file upload-v1.cif (mmCIF, C-alpha atoms)
data_work
loop_
_atom_site.label_atom_id
_atom_site.label_comp_id
_atom_site.auth_asym_id
_atom_site.auth_seq_id
_atom_site.Cartn_x
_atom_site.Cartn_y
_atom_site.Cartn_z
CA MET A 1270 1.96 37.52 35.09
CA ASN A 1271 1.57 35.53 31.91
CA LYS A 1272 -0.63 32.50 31.95
CA SER A 1273 -0.63 30.05 29.10
CA ARG A 1274 -3.94 28.40 28.45
CA ILE A 1275 -3.29 24.94 27.11
CA PHE A 1276 -6.88 23.85 26.65
CA SER A 1277 -9.24 26.42 25.30
CA GLN A 1278 -12.18 24.29 26.38
CA VAL A 1279 -12.80 22.01 29.32
CA ILE A 1280 -12.09 18.32 28.91
CA GLN A 1281 -14.51 15.99 30.63
CA PRO A 1282 -12.51 13.12 32.18
CA ASP A 1283 -15.59 10.93 32.61
CA ASP A 1284 -16.41 11.15 28.93
CA THR A 1285 -12.81 10.45 28.02
CA PHE A 1286 -12.73 7.33 30.19
CA GLU A 1287 -15.91 6.06 28.59
CA VAL A 1288 -14.30 6.38 25.18
CA GLN A 1289 -11.14 4.66 26.41
CA ASN A 1290 -13.19 1.77 27.75
CA ALA A 1291 -14.87 1.33 24.37
CA GLN A 1292 -11.83 1.54 22.10
CA ASP A 1293 -8.08 1.38 22.31
CA ARG A 1294 -4.94 1.60 20.23
CA ASP A 1295 -3.96 -1.74 18.72
CA ILE A 1296 -1.45 -3.32 16.36
CA LEU A 1297 -1.92 -6.61 14.54
CA LEU A 1298 1.34 -8.24 13.46
CA MET A 1299 1.48 -10.58 10.50
CA GLN A 1300 4.68 -12.48 9.90
CA GLY A 1301 5.64 -15.32 7.64
CA ILE A 1302 8.40 -17.18 5.86
CA ILE A 1303 7.56 -17.81 2.22
CA PRO A 1304 9.08 -20.95 0.66
CA ALA A 1305 11.52 -20.54 -2.22
CA GLY A 1306 9.76 -20.13 -5.54
CA SER A 1307 6.30 -20.16 -3.97
CA GLY A 1308 3.57 -19.28 -6.44
CA GLY A 1309 1.29 -18.10 -3.65
CA THR A 1310 1.32 -18.86 0.08
CA ASP A 1311 -1.48 -17.65 2.34
CA ILE A 1312 -0.36 -16.03 5.59
CA THR A 1313 -3.37 -15.40 7.79
CA ILE A 1314 -4.05 -13.66 11.08
CA ASN A 1315 -7.38 -13.45 12.88
CA VAL A 1316 -8.92 -10.24 14.15
CA SER A 1317 -10.15 -12.22 17.22
CA GLN A 1318 -13.28 -11.88 19.31
CA LEU A 1319 -12.00 -8.81 21.13
CA GLY A 1320 -13.78 -6.46 18.73
CA HIS A 1321 -13.69 -4.84 15.31
CA PHE A 1322 -10.29 -3.58 14.19
CA TYR A 1323 -10.17 -0.19 12.53
CA CYS A 1324 -6.93 -0.21 10.55
CA GLN A 1325 -5.39 3.17 9.76
CA TYR A 1326 -1.86 2.44 8.52
CA ILE A 1327 0.34 -0.46 7.52
CA THR A 1328 4.11 -0.81 7.78
CA GLY A 1329 6.19 -3.73 6.60
CA THR A 1330 9.68 -5.10 6.39
CA PHE A 1331 11.16 -8.05 4.51
CA GLU A 1332 14.35 -9.82 3.51
CA THR A 1333 15.98 -9.55 0.09
CA ILE A 1334 17.97 -12.77 -0.08
CA THR A 1335 18.53 -15.46 -2.68
CA LEU A 1336 21.10 -18.07 -3.68
CA VAL A 1337 24.09 -16.81 -5.62
CA ALA A 1338 26.56 -19.59 -6.50
CA ALA A 1339 24.93 -21.77 -3.80
CA VAL A 1340 25.48 -19.11 -1.12
CA ILE A 1341 22.66 -17.17 0.56
CA THR A 1342 23.27 -13.60 -0.46
CA ASP A 1343 21.51 -10.32 0.27
CA THR A 1344 21.09 -8.93 -3.23
CA GLY A 1345 18.78 -6.05 -2.31
CA ILE A 1346 16.30 -7.27 -4.91
CA ASN A 1347 12.62 -7.50 -4.06
CA TYR A 1348 11.40 -11.10 -4.34
CA LEU A 1349 8.04 -10.90 -2.56
CA PHE A 1350 4.70 -10.02 -4.15
CA GLY A 1351 1.54 -10.03 -2.07
CA GLN A 1352 -2.21 -9.62 -2.33
CA LEU A 1353 -4.11 -8.56 0.79
CA ARG A 1354 -7.58 -9.94 1.52
CA ASP A 1355 -10.24 -9.11 4.07
CA GLY A 1356 -11.84 -12.52 4.49
CA THR A 1357 -12.28 -13.46 0.84
CA ARG A 1358 -12.49 -9.90 -0.50
CA PRO A 1359 -9.27 -8.81 -2.26
CA LEU A 1360 -8.02 -5.38 -1.27
CA PHE A 1361 -5.28 -5.41 -3.94
CA SER A 1362 -6.10 -5.95 -7.61
CA ASP A 1363 -3.09 -8.24 -8.01
CA ARG A 1364 -0.02 -9.31 -6.11
CA VAL A 1365 1.95 -6.11 -5.47
CA PRO A 1366 5.74 -5.89 -5.00
CA PHE A 1367 6.35 -5.55 -1.27
CA ASN A 1368 8.64 -2.56 -1.65
CA LEU A 1369 5.81 -0.51 -3.21
CA PHE A 1370 3.55 -0.67 -0.16
CA CYS A 1371 5.87 -1.57 2.73
CA THR A 1372 7.85 0.98 4.63
CA PRO A 1373 10.58 0.72 5.87
CA GLY A 1374 10.94 -2.19 3.45
CA ARG A 1375 14.15 -4.16 3.15
CA ARG A 1376 16.11 -5.29 6.18
CA LYS A 1377 19.15 -7.42 6.89
CA SER A 1378 18.77 -11.18 7.00
CA PRO A 1379 20.51 -13.30 9.66
CA PHE A 1380 20.92 -16.14 7.16
CA THR A 1381 23.55 -14.62 4.87
CA VAL A 1382 27.24 -15.48 5.20
CA ALA A 1383 28.20 -12.12 6.69
CA PRO A 1384 25.14 -10.14 7.79
CA ALA A 1385 27.30 -7.40 9.26
CA ALA A 1386 28.67 -6.65 5.82
CA ASP A 1387 25.24 -6.50 4.15
CA PRO A 1388 23.66 -3.12 3.48
CA VAL A 1389 21.77 -1.69 6.44
CA GLY A 1390 18.00 -1.95 6.49
CA ASN A 1391 15.80 0.97 5.57
CA THR A 1392 14.52 3.42 8.15
CA LEU A 1393 10.81 3.83 8.75
CA PHE A 1394 9.40 6.61 6.61
CA TYR A 1395 5.76 7.59 6.22
CA PRO A 1396 3.59 4.52 6.78
CA MET A 1397 1.07 3.86 4.04
CA GLU A 1398 -2.52 4.69 4.93
CA LEU A 1399 -4.96 1.80 4.73
CA GLU A 1400 -8.19 2.85 6.37
CA HIS A 1401 -10.49 -0.10 6.72
CA ILE A 1402 -12.57 -1.83 9.37
CA PHE A 1403 -11.80 -5.51 9.68
CA ALA A 1404 -14.84 -7.02 11.36
CA VAL A 1405 -14.58 -8.99 14.58
CA ASN A 1406 -13.34 -12.56 14.13
CA THR A 1407 -12.53 -12.24 10.41
CA ASN A 1408 -9.28 -13.31 8.83
CA ILE A 1409 -6.75 -10.95 7.29
CA THR A 1410 -4.82 -12.84 4.64
CA MET A 1411 -1.79 -11.95 2.58
CA ASN A 1412 -1.25 -14.26 -0.38
CA VAL A 1413 2.48 -14.03 -1.05
CA ALA A 1414 4.54 -15.23 -4.00
CA ASN A 1415 8.31 -15.55 -3.70
CA THR A 1416 10.61 -15.48 -6.74
CA SER A 1417 13.76 -16.06 -4.66
CA LEU A 1418 15.74 -19.28 -4.62
CA THR A 1419 15.60 -19.31 -0.80
CA PRO A 1420 12.78 -18.89 1.73
CA VAL A 1421 12.19 -15.20 2.48
CA ALA A 1422 10.75 -13.76 5.70
CA PHE A 1423 8.56 -10.69 6.14
CA GLU A 1424 6.66 -8.87 8.86
CA ILE A 1425 3.73 -6.51 8.37
CA ALA A 1426 2.08 -4.45 11.11
CA PHE A 1427 -1.47 -3.15 10.86
CA HIS A 1428 -1.82 -0.05 13.02
CA GLY A 1429 -5.19 1.14 14.21
CA LYS A 1430 -7.88 1.10 16.84
CA ARG A 1431 -9.63 -1.80 18.50
CA ILE A 1432 -13.35 -1.21 18.89
CA PHE A 1433 -14.24 -3.47 21.78
CA SER A 1434 -17.23 -5.76 21.51
CA GLY A 1435 -19.44 -6.71 24.44
CA LYS A 1436 -22.14 -5.07 26.49
CA ALA A 1437 -19.75 -3.22 28.80
CA ALA A 1438 -18.07 -1.53 25.83
CA ASP A 1439 -21.42 -0.77 24.22
CA ASP A 1440 -22.60 0.89 27.42
CA CYS A 1441 -19.46 3.03 27.51
CA ARG A 1442 -20.02 4.05 23.89
CA LEU A 1443 -23.61 5.03 24.62
CA LYS A 1444 -22.55 7.11 27.61
CA ALA A 1445 -19.79 8.82 25.66
CA ARG A 1446 -22.20 9.56 22.84
CA GLY A 1447 -24.32 11.45 25.36
CA MET B 1158 -16.88 20.98 27.04
CA LEU B 1159 -15.85 19.99 23.55
CA GLU B 1160 -18.75 19.75 21.19
CA LYS B 1161 -19.43 16.23 19.96
CA ILE B 1162 -19.73 15.78 16.25
CA ALA B 1163 -20.58 12.67 14.25
CA VAL B 1164 -17.79 11.62 11.94
CA ASP B 1165 -18.26 8.84 9.43
CA LYS B 1166 -14.86 8.83 7.88
CA LEU B 1167 -15.17 5.46 6.23
CA LYS B 1168 -18.50 5.82 4.41
CA ASP B 1169 -18.55 2.09 3.63
CA ARG B 1170 -15.46 2.48 1.49
CA PHE B 1171 -12.66 -0.05 1.43
CA PRO B 1172 -9.06 0.29 0.34
CA PHE B 1173 -8.25 -1.03 -3.09
CA LEU B 1174 -4.77 -0.98 -4.59
CA ILE B 1175 -4.42 -1.37 -8.34
CA TYR B 1176 -1.11 -2.69 -9.59
CA GLN B 1177 0.22 -3.22 -13.09
CA ARG B 1178 3.65 -3.77 -14.57
CA ILE B 1179 4.01 -2.14 -17.96
CA ASN B 1180 6.69 -3.16 -20.44
CA LEU B 1181 7.47 -0.02 -22.37
CA ILE B 1182 9.03 -0.32 -25.81
CA PRO B 1183 11.78 2.29 -26.37
CA ASN B 1184 10.55 5.62 -27.70
CA SER B 1185 6.91 4.64 -27.26
CA ARG B 1186 3.91 5.73 -25.21
CA GLY B 1187 2.65 2.91 -23.03
CA PRO B 1188 -0.88 2.69 -21.63
CA PHE B 1189 -2.20 1.76 -18.19
CA PHE B 1190 -5.90 0.97 -18.28
CA PHE B 1191 -8.21 -0.08 -15.47
CA VAL B 1192 -11.98 0.00 -15.68
CA ILE B 1193 -13.68 0.78 -12.37
CA ASN B 1194 -16.37 -1.74 -11.47
CA SER B 1195 -20.01 -0.93 -11.92
CA GLY B 1196 -21.47 0.16 -8.57
CA TYR B 1197 -18.26 1.64 -7.16
CA TRP B 1198 -16.56 5.00 -7.33
CA TYR B 1199 -12.80 5.08 -6.92
CA ILE B 1200 -10.71 7.74 -5.25
CA ILE B 1201 -7.03 7.76 -6.19
CA ARG B 1202 -5.14 8.92 -3.11
CA HIS B 1203 -1.70 8.66 -4.64
CA ILE B 1204 0.45 6.84 -7.19
CA ARG B 1205 3.57 4.84 -6.38
CA CYS B 1206 5.88 3.81 -9.16
CA GLN B 1207 9.32 2.46 -9.88
CA TRP B 1208 11.42 1.56 -12.87
CA ALA B 1209 15.04 0.56 -13.28
CA GLU B 1210 17.36 3.47 -13.88
CA VAL B 1211 20.26 1.11 -14.58
CA ALA B 1212 20.57 -2.58 -15.39
CA ALA B 1213 23.04 -4.82 -13.58
CA GLY B 1214 25.90 -5.86 -15.81
CA VAL B 1215 24.79 -3.74 -18.74
CA ALA B 1216 26.76 -0.63 -19.55
CA PRO B 1217 26.24 2.15 -20.32
CA ALA B 1218 22.54 1.55 -19.83
CA PHE B 1219 20.88 4.51 -18.20
CA ASN B 1220 17.23 5.31 -18.06
CA PRO B 1221 16.93 8.68 -16.36
CA GLY B 1222 13.27 9.47 -16.39
CA MET B 1223 9.75 8.58 -17.30
CA ASN B 1224 6.85 10.90 -17.95
CA ILE B 1225 3.24 10.39 -17.02
CA GLU B 1226 0.02 11.64 -18.56
CA ILE B 1227 -3.25 11.05 -16.73
CA ARG B 1228 -6.34 11.28 -18.88
CA GLY B 1229 -9.90 11.71 -17.66
CA SER B 1230 -11.64 9.48 -20.15
CA GLY B 1231 -15.11 10.42 -18.87
CA ARG B 1232 -14.33 14.11 -19.09
CA HIS B 1233 -12.44 13.89 -22.37
CA ARG B 1234 -9.57 15.96 -21.12
CA GLU B 1235 -5.97 15.63 -20.05
CA TYR B 1236 -5.13 16.39 -16.42
CA GLN B 1237 -1.91 18.19 -17.39
CA ASN B 1238 -0.73 20.45 -20.16
CA ALA B 1239 2.27 18.24 -21.02
CA PRO B 1240 3.71 14.87 -19.95
CA VAL B 1241 5.00 15.34 -16.40
CA PRO B 1242 8.16 13.68 -15.03
CA LEU B 1243 6.93 10.82 -12.85
CA ARG B 1244 9.45 11.62 -10.16
CA LEU B 1245 7.62 14.90 -9.51
CA LEU B 1246 4.66 13.06 -8.03
CA SER B 1247 5.89 9.68 -6.92
CA SER B 1248 8.78 7.70 -5.45
CA PRO B 1249 11.10 5.79 -5.55
CA CYS B 1250 10.84 6.09 -9.36
CA GLY B 1251 14.26 5.31 -10.80
CA ASN B 1252 16.24 6.35 -7.73
CA GLY B 1253 18.42 3.44 -6.69
CA VAL B 1254 16.39 0.90 -8.61
CA THR B 1255 18.40 -1.62 -10.60
CA LEU B 1256 17.02 -4.18 -12.99
CA THR B 1257 18.37 -7.67 -12.40
CA ALA B 1258 17.55 -10.87 -14.28
CA PRO B 1259 14.86 -12.12 -14.47
CA ALA B 1260 13.26 -8.68 -14.37
CA GLY B 1261 13.68 -8.21 -10.62
CA MET B 1262 14.05 -4.73 -9.22
CA THR B 1263 16.02 -3.44 -6.28
CA ALA B 1264 13.80 -3.18 -3.21
CA THR B 1265 14.17 0.56 -2.87
CA GLY B 1266 11.49 1.83 -0.51
CA THR B 1267 8.83 4.34 -1.36
CA GLU B 1268 9.28 7.64 0.41
CA SER B 1269 7.09 10.69 0.09
CA VAL B 1270 4.46 10.88 -2.64
CA LYS B 1271 2.24 13.68 -3.86
CA MET B 1272 -1.40 13.36 -2.94
CA ILE B 1273 -3.73 13.27 -5.92
CA ASP B 1274 -7.19 12.77 -4.40
CA GLU B 1275 -9.05 12.38 -7.67
CA LEU B 1276 -12.53 10.87 -7.45
CA LEU B 1277 -13.61 8.82 -10.45
CA PRO B 1278 -17.18 7.64 -11.05
CA GLN B 1279 -18.23 4.06 -11.66
CA ARG B 1280 -17.33 2.47 -14.99
CA GLU B 1281 -14.77 5.20 -15.65
CA ASN B 1282 -11.70 3.94 -17.42
CA ILE B 1283 -8.54 4.96 -15.57
CA GLU B 1284 -6.22 5.97 -18.38
CA ILE B 1285 -2.56 6.67 -17.75
CA TYR B 1286 0.10 6.96 -20.42
CA LEU B 1287 3.82 6.57 -19.81
CA SER B 1288 6.60 7.80 -22.02
CA GLY B 1289 10.21 8.95 -21.85
CA HIS B 1290 11.90 5.59 -22.23
CA ASP B 1291 14.86 6.17 -24.50
CA ALA B 1292 16.67 3.51 -26.52
CA THR B 1293 18.45 1.84 -23.61
CA PRO B 1294 19.40 -1.76 -24.29
CA PHE B 1295 17.33 -3.23 -21.45
CA PRO B 1296 13.55 -3.40 -21.27
CA ALA B 1297 11.80 -0.66 -19.33
CA PHE B 1298 9.41 -2.25 -16.89
CA ILE B 1299 7.42 0.30 -14.97
CA ASP B 1300 5.63 -0.82 -11.82
CA ILE B 1301 2.59 1.36 -11.19
CA LEU B 1302 0.56 1.13 -8.00
CA LEU B 1303 -2.56 3.23 -7.51
CA VAL B 1304 -3.40 3.58 -3.82
CA GLY B 1305 -7.03 4.43 -3.24
CA TYR B 1306 -10.46 3.39 -2.08
CA MET B 1307 -13.54 1.85 -3.66
CA ILE B 1308 -16.66 3.69 -2.57
CA PRO B 1309 -20.01 1.92 -3.06
CA ASP B 1310 -22.52 4.01 -4.98
CA GLU B 1311 -25.44 3.82 -2.56
CA LYS B 1312 -27.92 4.67 -5.29
CA MET B 1313 -27.22 1.25 -6.77
CA VAL B 1314 -29.80 -1.33 -5.85
CA GLN B 1315 -27.28 -3.88 -4.60
CA PHE B 1316 -26.28 -1.59 -1.70
CA LYS B 1317 -29.78 -0.56 -0.57
CA GLY B 1318 -30.63 -3.75 1.28
CA GLY B 1319 -34.15 -4.84 2.05
CA ASN B 1320 -36.12 -5.21 -1.13
#
call {"tool": "encode", "arguments": {"input": "upload-v1.cif", "output": "C-alpha cells"}}
result
Amino acid sequence: MNKSRIFSQVIQPDDTFEVQNAQDRDILLMQGIIPAGSGGTDITINVSQLGHFYCQYITGTFETITLVAAVITDTGINYLFGQLRDGTRPLFSDRVPFNLFCTPGRRKSPFTVAPAADPVGNTLFYPMELEHIFAVNTNITMNVANTSLTPVAFEIAFHGKRIFSGKAADDCRLKARG
Amino acid sequence: MLEKIAVDKLKDRFPFLIYQRINLIPNSRGPFFFVINSGYWYIIRHIRCQWAEVAAGVAPAFNPGMNIEIRGSGRHREYQNAPVPLRLLSSPCGNGVTLTAPAGMTATGTESVKMIDELLPQRENIEIYLSGHDATPFPAFIDILLVGYMIPDEKMVQFKGGN
C-alpha cells in the first residue's frame, strides 16, 4: 500500500502557535481623492500601536478620468503621480506615475456619464515587491499630484506581516526562538 | 522538528525607487544618470519603463521600439554587447501606450519584468542610455523607473552608532 508523506519532518504545533501569537498577516489600505490639478496632496495612514508592519508587496488601483467638453470622461490616461514616504524619509526619488508601480492599475470610475460603456479595469497581475519595515506608530504618506481637470480617486494596499508589540507577543517570540 | 535558522532578509535596507522622464530627440542617444548617495549601496531589482508608441490625433506617427544600454561607470564596461530592445526586459514599454496632450500617457499597467539584481556601490553613477527613437513627429518621452533598495554601508561611520 502506497503512503504519501506530506511532511518530511515533524511540525511542532506549540512552536507554530507561538509564532502566530507574535505576528500575523496584515494589509494596510490607503485611499484618497486628489483634487483637480493638485500640485501635491498628502494622503497619510498610520501604522498604529499594534506593532511594526513588515511590508512585502504593494498593489494599487486608480481612476483615469478628466473633463472633456465639460463632461467627465474616462480617457484611460494616467493623471496621478505619487511619492511614498516612511515618516519623512522619501522612498521614491520623485513623484512616480501611478501606472508604473500600481497593479492592477486603472479601473472604471462611477462618475462618468456611462460607466458601463467605459473600458474594463485591469486585472491584478504580479504585485510589486516593496520590502520594508514601517515602525510602530509611524505614518506612511503618499504625496500625490493630479494633472486631471477633475478629482481622481485611488486605493493602494500594503501587504505584509504585523509584528505585534507588547510583552505577551515578546514572550511568544522568545519561546518560538527556543 | 524543522531546524530554526536566523534570517535577516532586510539588512537595514529600504526600498528606493528612482524615476526620471527623458525627452529623447529623434535619432539621438539619451542619457539617464543618477548618482548613488555616499554611504549607501543600491541594488537594482528591475526596471519599469513606458513610452508612447502612437500619439493621439497624429498620423501616421508610430514609434515601435526603444533600445537600452546599461553602463557600469565604475567598472568601465557595458553590460551588453549591443543596445537591447527595452521590451525584452521591461513592460509595458510601448504596448498600448498613447501620448495625449499635454504629454500624458495611457495608464497601461506594468506586467512581468525581467529581474536584474545588479548591486552598485556607493557614489556609483547609474548610467543608462536610450536610443531607437526614429523621426516620428511627436516627442518621445520615456518614463524610466528603477525599482530597488538602498543598503547602508555599515563601514561608514554614520551607521556605526555610539562614538
call {"tool": "closest_atom_pairs", "arguments": {"input": "upload-v1.cif", "of": "chain B", "to": "chain A", "cutoff": "10 Å", "atoms": "only C-alpha atoms", "output": "JSON lines"}}
result
{"residue": "B:Met1158", "atom": "CA", "partner": "A:Val1279", "partner_atom": "CA", "distance": 4.8}
{"residue": "B:Leu1159", "atom": "CA", "partner": "A:Gln1278", "partner_atom": "CA", "distance": 6.3}
{"residue": "B:Glu1160", "atom": "CA", "partner": "A:Gln1278", "partner_atom": "CA", "distance": 9.5}
{"residue": "B:Lys1161", "atom": "CA", "partner": "A:Arg1446", "partner_atom": "CA", "distance": 7.8}
{"residue": "B:Ile1162", "atom": "CA", "partner": "A:Arg1446", "partner_atom": "CA", "distance": 9.4}
{"residue": "B:Ala1163", "atom": "CA", "partner": "A:Arg1446", "partner_atom": "CA", "distance": 9.3}
{"residue": "B:Lys1166", "atom": "CA", "partner": "A:Glu1400", "partner_atom": "CA", "distance": 9.1}
{"residue": "B:Leu1167", "atom": "CA", "partner": "A:His1401", "partner_atom": "CA", "distance": 7.3}
{"residue": "B:Asp1169", "atom": "CA", "partner": "A:His1401", "partner_atom": "CA", "distance": 8.9}
{"residue": "B:Arg1170", "atom": "CA", "partner": "A:His1401", "partner_atom": "CA", "distance": 7.7}
{"residue": "B:Phe1171", "atom": "CA", "partner": "A:His1401", "partner_atom": "CA", "distance": 5.7}
{"residue": "B:Pro1172", "atom": "CA", "partner": "A:Leu1360", "partner_atom": "CA", "distance": 6.0}
{"residue": "B:Phe1173", "atom": "CA", "partner": "A:Leu1360", "partner_atom": "CA", "distance": 4.7}
{"residue": "B:Leu1174", "atom": "CA", "partner": "A:Phe1361", "partner_atom": "CA", "distance": 4.5}
{"residue": "B:Ile1175", "atom": "CA", "partner": "A:Ser1362", "partner_atom": "CA", "distance": 4.9}
{"residue": "B:Tyr1176", "atom": "CA", "partner": "A:Asp1363", "partner_atom": "CA", "distance": 6.1}
{"residue": "B:Gln1177", "atom": "CA", "partner": "A:Asp1363", "partner_atom": "CA", "distance": 7.9}
{"residue": "B:Arg1178", "atom": "CA", "partner": "A:Val1365", "partner_atom": "CA", "distance": 9.5}
{"residue": "B:Arg1202", "atom": "CA", "partner": "A:Glu1398", "partner_atom": "CA", "distance": 9.5}
{"residue": "B:Ile1204", "atom": "CA", "partner": "A:Leu1369", "partner_atom": "CA", "distance": 9.9}
{"residue": "B:Arg1205", "atom": "CA", "partner": "A:Leu1369", "partner_atom": "CA", "distance": 6.6}
{"residue": "B:Cys1206", "atom": "CA", "partner": "A:Leu1369", "partner_atom": "CA", "distance": 7.4}
{"residue": "B:Gln1207", "atom": "CA", "partner": "A:Leu1369", "partner_atom": "CA", "distance": 8.1}
{"residue": "B:Ser1248", "atom": "CA", "partner": "A:Leu1369", "partner_atom": "CA", "distance": 9.0}
{"residue": "B:Pro1249", "atom": "CA", "partner": "A:Leu1369", "partner_atom": "CA", "distance": 8.6}
{"residue": "B:Val1254", "atom": "CA", "partner": "A:Ile1346", "partner_atom": "CA", "distance": 9.0}
{"residue": "B:Thr1255", "atom": "CA", "partner": "A:Ile1346", "partner_atom": "CA", "distance": 8.3}
{"residue": "B:Leu1256", "atom": "CA", "partner": "A:Ile1346", "partner_atom": "CA", "distance": 8.7}
{"residue": "B:Thr1257", "atom": "CA", "partner": "A:Ile1346", "partner_atom": "CA", "distance": 7.8}
{"residue": "B:Pro1259", "atom": "CA", "partner": "A:Thr1416", "partner_atom": "CA", "distance": 9.4}
{"residue": "B:Gly1261", "atom": "CA", "partner": "A:Ile1346", "partner_atom": "CA", "distance": 6.4}
{"residue": "B:Met1262", "atom": "CA", "partner": "A:Ile1346", "partner_atom": "CA", "distance": 5.5}
{"residue": "B:Thr1263", "atom": "CA", "partner": "A:Ile1346", "partner_atom": "CA", "distance": 4.1}
{"residue": "B:Ala1264", "atom": "CA", "partner": "A:Asn1347", "partner_atom": "CA", "distance": 4.6}
{"residue": "B:Thr1265", "atom": "CA", "partner": "A:Asn1368", "partner_atom": "CA", "distance": 6.5}
{"residue": "B:Gly1266", "atom": "CA", "partner": "A:Asn1368", "partner_atom": "CA", "distance": 5.4}
{"residue": "B:Thr1267", "atom": "CA", "partner": "A:Leu1369", "partner_atom": "CA", "distance": 6.0}
{"residue": "B:Glu1268", "atom": "CA", "partner": "A:Phe1394", "partner_atom": "CA", "distance": 6.3}
{"residue": "B:Ser1269", "atom": "CA", "partner": "A:Tyr1395", "partner_atom": "CA", "distance": 7.0}
{"residue": "B:Val1270", "atom": "CA", "partner": "A:Tyr1395", "partner_atom": "CA", "distance": 9.5}
{"residue": "B:Asp1300", "atom": "CA", "partner": "A:Pro1366", "partner_atom": "CA", "distance": 8.5}
{"residue": "B:Ile1301", "atom": "CA", "partner": "A:Leu1369", "partner_atom": "CA", "distance": 8.8}
{"residue": "B:Leu1302", "atom": "CA", "partner": "A:Leu1369", "partner_atom": "CA", "distance": 7.3}
{"residue": "B:Leu1303", "atom": "CA", "partner": "A:Phe1361", "partner_atom": "CA", "distance": 9.7}
{"residue": "B:Val1304", "atom": "CA", "partner": "A:Glu1398", "partner_atom": "CA", "distance": 8.9}
{"residue": "B:Gly1305", "atom": "CA", "partner": "A:Leu1399", "partner_atom": "CA", "distance": 8.6}
{"residue": "B:Tyr1306", "atom": "CA", "partner": "A:Glu1400", "partner_atom": "CA", "distance": 8.8}
{"residue": "B:Met1307", "atom": "CA", "partner": "A:Leu1360", "partner_atom": "CA", "distance": 9.4}
call {"tool": "resolve_selection", "arguments": {"input": "upload-v1.cif", "expression": "the PyMOL selection byres ((chain A and resi 1415) around 9)", "output": "PyMOL selection string"}}
result
chain A and resi 1303-1310+1348-1351+1413-1414+1416-1421
call {"tool": "atom_distance", "arguments": {"input": "upload-v1.cif", "atom1": "atom CA of Leu1443 of chain A", "atom2": "atom CA of Phe1322 of chain A"}}
result
19.0 Å
call {"tool": "closest_residue", "arguments": {"input": "upload-v1.cif", "among": "A:Ile1341, A:Asp1440, A:Gly1329, A:Lys1377", "to": "Val1389 of chain A", "atoms": "all atoms listed in the file"}}
result
A:Lys1377
call {"tool": "closest_residue", "arguments": {"input": "upload-v1.cif", "among": "A:Gln1292, A:Thr1313, A:Thr1285, A:Gln1325", "to": "Thr1410 of chain A", "atoms": "all atoms listed in the file"}}
result
A:Thr1313
call {"tool": "resolve_selection", "arguments": {"input": "upload-v1.cif", "expression": "the PyMOL selection byres ((chain B and resi 1225) around 10)", "output": "list in words"}}
result
Arg1186, Gly1187, Pro1188, Met1223, Asn1224, Glu1226, Ile1227, Arg1228, Gln1237, Ala1239, Pro1240, Val1241, Pro1242, Leu1243, Arg1244, Leu1245, Leu1246, Ile1285, Tyr1286, Leu1287, Ser1288 and Gly1289 of chain B
call {"tool": "atom_distance", "arguments": {"input": "upload-v1.cif", "atom1": "atom CA of Ile1201 of chain B", "atom2": "atom CA of Gly1429 of chain A"}}
result
21.5 Å
call {"tool": "residues_near_point", "arguments": {"input": "upload-v1.cif", "point": "(-14.9, 7.0, -13.8)", "cutoff": "9 Å", "atoms": "only C-alpha atoms", "output": "MDAnalysis selection string"}}
result
chainID B and resid 1192:1193 1198:1199 1229:1232 1276:1283
